Amino acid sequence: METNKIDKNIKEKFANRTFKPSASAWERLSLQLNEQPKTKKFGLLFYTGVAASILLLVTISIQIFNNDSDVLIQKEVIVISPIDKKHFDMKIDDQINQISFPEVLVKNEVLELKQEIINLPVIINKNSISKPDKFNKKNLSTNEIVGNKDDVISNEIKKSKEILNHKILKQNPNSSIKINADDLLYAVTHSSKEVKAYYAKYNINREEVLKTIKSELKKSNLKVNPNTILAEVERSIDDDFFENNFMKGLKKRVSDIAVAIASRNN
Amino acid sequence: MKIIKLHNQQKLLIKKSIANNREAQQQLFEQYSPKMLGVCRQYVKDLHHAEDLLLQGFLKVFTNLHKFKHEGSFEGWIRRIMVNTCLSYLRKKNIIDLSDEDYVFNDSATESLENTSTEDIQKLIDQLPEGYKMVFNLFAIEGYKHSEIAKELDISLSTSKSQLFKARKLLQQNYIKMNKAVHGDK
């Protein structure tokens with residue numbers, strides 16, 4: 001009881017005891033309070049910034065992964081490069097020129113056969129042979145056959161025509177045919193239409209071309225068939241070589257060919 | 001009616017203080033600081049030092065004011081913060097010595113402390129070793145239970161009890177000594 005009494009007495013005495021703080025106490029506390037919220041605000045801003053950054057990263061990641069397929073697909077880049085039409089045309093023409101036309105030979109055989117049968121001379125108008133159309137063999141013209149106008153043999157001629165149309169005969173190695181050189185030239189180079197069209201386009205006379213070739217050959221003192229040169233010229237008529245000045249290009253071409261032939265002969 | 005009005009005023013001050021209103025905070029400080037400085041003085045002999053602890057305590061009060069739920073006494077809430085601030089300080093300084101030391105008690109002291117002034121009692125308490133003083137203050141003045149003291153000071157329950165017992169005895173002993181000195185050895 002004694003001790004409890006002491007405690008009680010002391011508690012009562014201390015319960016309402018007060019001390020007046022110094023005059024600067026509030027000022028000091030106020031300063032501490034001013035510093036306190038700043039750090040709190042900074043902390044709040046800092047954590048807000050961190051949270052916003054994380055959110056931004058997550059959003060960007062989601063965007064990237066969602067659009068992954070779009071990113072991988074690349075747009076096709078179409079590069080348009082000019083095609084050298086002339087080059088391709090020349091190649092095609094070369095290929096076509098290499099194609100043989102057995103139908104023509106077969107017809108010749110028929111003609112030879114007919115000669116044997118009727119035992120009469122047959123003259124084929126060479127001018128009428130035209131270069132076959134490259135894509136339509138049906139355009140082959142039937143040769144005109146001019147023979148003796150004797151009535152006795154006219155029937156035989158008709159028969160031969162029938163044979164020509166229906167029979168397929170074997171080639172005779174001894175058979176011969178006379179063909180116009182110009183037509184043959186066209187056949188191995190360009191079609192006559194093409195060459196003529198070219199000449200017409202550039203207002204060139206073929207005879208003048210041939211004359212020029214001859215004169216050039218004379219100058220070079222070479223014995224070369226001018227038609228061979230003409231064939232070579234017409235084969236490469238589409239080259240850029242002749243584009244600016246045909247005659248000048250032609251002379252140069254003749255000179256080159258002559259030199260080449262001379263070198264070969266040597 | 002007056003009590004309700006005062007309670008509402010206090011609530012408003014607390015609300016404004018939470019919103020960092022300096023005037024409201026100053027009003028609360030001026031209202032409670034004298035009494036709280038007395039609390040701090042119980043634990044620390046030097047008044048200036050006690051004032052430092054008072055400011056530390058009020059800083060905690062204002063920064064944690066939003067945690068106050070208006071369920072108990074606001075003064076009691078502030079007082080507890082002040083006591084904890086003082087205990088924390090003393091613990092850090094290793095001032096609290098809670099070892100069991102043998103004191104020679106004079107059980108002849110029967111005179112009551114009723115007629116003794118608060119200042120004299122404070123002087124008697126100040127003469128107590130820190131450990132005794134701490135437990136005595138918490139138990140006798142603040143009204144803590146031994147279990148609370150044990151938890152607060154991180155000591156066993158029996159230590160808290162023995163410290164209180166020894167504190168009382170020493171206080172009596174010192175009181176008798178002080179009386180002898182004042183009134184002469186009769």
# chains A, B, ... in the order shown; residues from 1 in each chain; ligands from 1
>>> residues_around(residues="Asp120 (chain B)", least_positions_apart="2", cutoff="12 Å", atoms="only C-alpha atoms", output="CSV table (one decimal) with N, CA and C atoms, in the first residue's frame")
chain,number,residue,atom,x,y,z
A,10,ILE,N,2.9,10.6,-6.8
A,10,ILE,CA,3.8,11.1,-7.9
A,10,ILE,C,3.0,11.3,-9.2
A,13,LYS,N,1.0,14.4,-9.1
A,13,LYS,CA,1.8,15.6,-9.2
A,13,LYS,C,2.3,15.9,-10.6
A,14,PHE,N,2.6,14.8,-11.3
A,14,PHE,CA,3.2,14.9,-12.7
A,14,PHE,C,2.1,15.0,-13.8
B,113,LEU,N,5.0,11.2,0.4
B,113,LEU,CA,5.6,12.2,-0.5
B,113,LEU,C,4.5,13.3,-0.8
B,114,GLU,N,3.4,13.2,-0.1
B,114,GLU,CA,2.3,14.1,-0.4
B,114,GLU,C,2.7,15.6,-0.3
B,115,ASN,N,3.5,15.9,0.7
B,115,ASN,CA,3.8,17.3,1.0
B,115,ASN,C,5.1,17.7,0.2
B,116,THR,N,5.6,16.9,-0.5
B,116,THR,CA,6.8,17.2,-1.3
B,116,THR,C,6.4,17.8,-2.6
B,117,SER,N,7.2,18.9,-3.0
B,117,SER,CA,6.9,19.5,-4.3
B,117,SER,C,7.2,18.6,-5.5
B,118,THR,N,6.6,19.0,-6.6
B,118,THR,CA,6.9,18.2,-7.9
B,118,THR,C,8.3,18.3,-8.3
B,122,GLN,N,10.9,15.3,-8.8
B,122,GLN,CA,11.6,15.2,-10.0
B,122,GLN,C,13.1,15.0,-9.8
B,123,LYS,N,13.6,15.7,-8.8
B,123,LYS,CA,15.0,15.6,-8.4
B,123,LYS,C,15.3,14.2,-7.9
B,124,LEU,N,14.3,13.7,-7.1
B,124,LEU,CA,14.5,12.3,-6.6
B,124,LEU,C,14.5,11.3,-7.7
B,125,ILE,N,13.6,11.5,-8.6
B,125,ILE,CA,13.5,10.6,-9.8
B,125,ILE,C,14.8,10.7,-10.6
B,126,ASP,N,15.2,11.9,-10.8
B,126,ASP,CA,16.4,12.1,-11.6
B,126,ASP,C,17.6,11.4,-11.1
B,127,GLN,N,17.6,11.2,-9.7
B,127,GLN,CA,18.8,10.5,-9.1
B,127,GLN,C,18.7,9.0,-9.3
B,171,LEU,N,13.9,5.3,-4.4
B,171,LEU,CA,13.3,6.6,-4.3
B,171,LEU,C,13.0,7.0,-2.8
B,174,ASN,N,16.3,7.8,-1.1
B,174,ASN,CA,16.7,9.1,-1.4
B,174,ASN,C,15.9,10.2,-0.8
B,175,TYR,N,14.6,9.9,-0.7
B,175,TYR,CA,13.7,10.9,-0.1
B,175,TYR,C,14.0,11.1,1.4
B,178,MET,N,17.1,13.2,1.5
B,178,MET,CA,16.8,14.6,1.2
B,178,MET,C,16.2,15.3,2.4
B,179,ASN,N,15.3,14.6,3.1
B,179,ASN,CA,14.6,15.2,4.3
B,179,ASN,C,15.6,15.4,5.4
B,182,VAL,N,17.5,18.5,4.6
B,182,VAL,CA,16.7,19.8,4.7
B,182,VAL,C,16.4,20.1,6.1
>>> residues_around(residues="region 150-165 of chain B", least_positions_apart="3", cutoff="8 Å", atoms="only C-alpha atoms", output="number ranges by chain")
B: 87, 98, 100, 131-132, 135-136, 139, 146-147, 168-169
>>> closest_residue(among="B:Arg79, B:Lys180, B:Lys145, B:Lys133", to="Ser33 (chain B)", atoms="only C-alpha atoms")
B:Arg79
>>> interface_residues(of="chain A", to="chain B", cutoff="9 Å", atoms="only C-alpha atoms", output="JSON, numbers by chain")
{"A": [2, 3, 4, 5, 6, 7, 8, 9, 10, 11, 12, 13, 14, 15, 16, 17, 18, 19, 20, 21, 22, 25, 26, 28, 29, 30, 32, 33, 36, 37]}
>>> atom_distance(atom1="CA of Ser255 (chain A)", atom2="CA of Val233 (chain A)")
11.6 Å
>>> atom_distance(atom1="CA of Leu53 (chain B)", atom2="CA of Asn8 (chain B)")
28.9 Å
>>> select_by_dssp(residues="chain B", states="helix (DSSP H, G or I)", output="NGL selection string")
:B and (2-18 or 22-43 or 47-63 or 65-67 or 74-92 or 118-126 or 130-141 or 146-153 or 157-183)
>>> atom_distance(atom1="CA of Asn205 (chain A)", atom2="CA of Ile257 (chain A)")
21.1 Å
>>> closest_residue(among="A:Arg235, A:Arg206, A:Lys252, A:Met247", to="Ser220 (chain A)", atoms="only C-alpha atoms")
A:Lys252
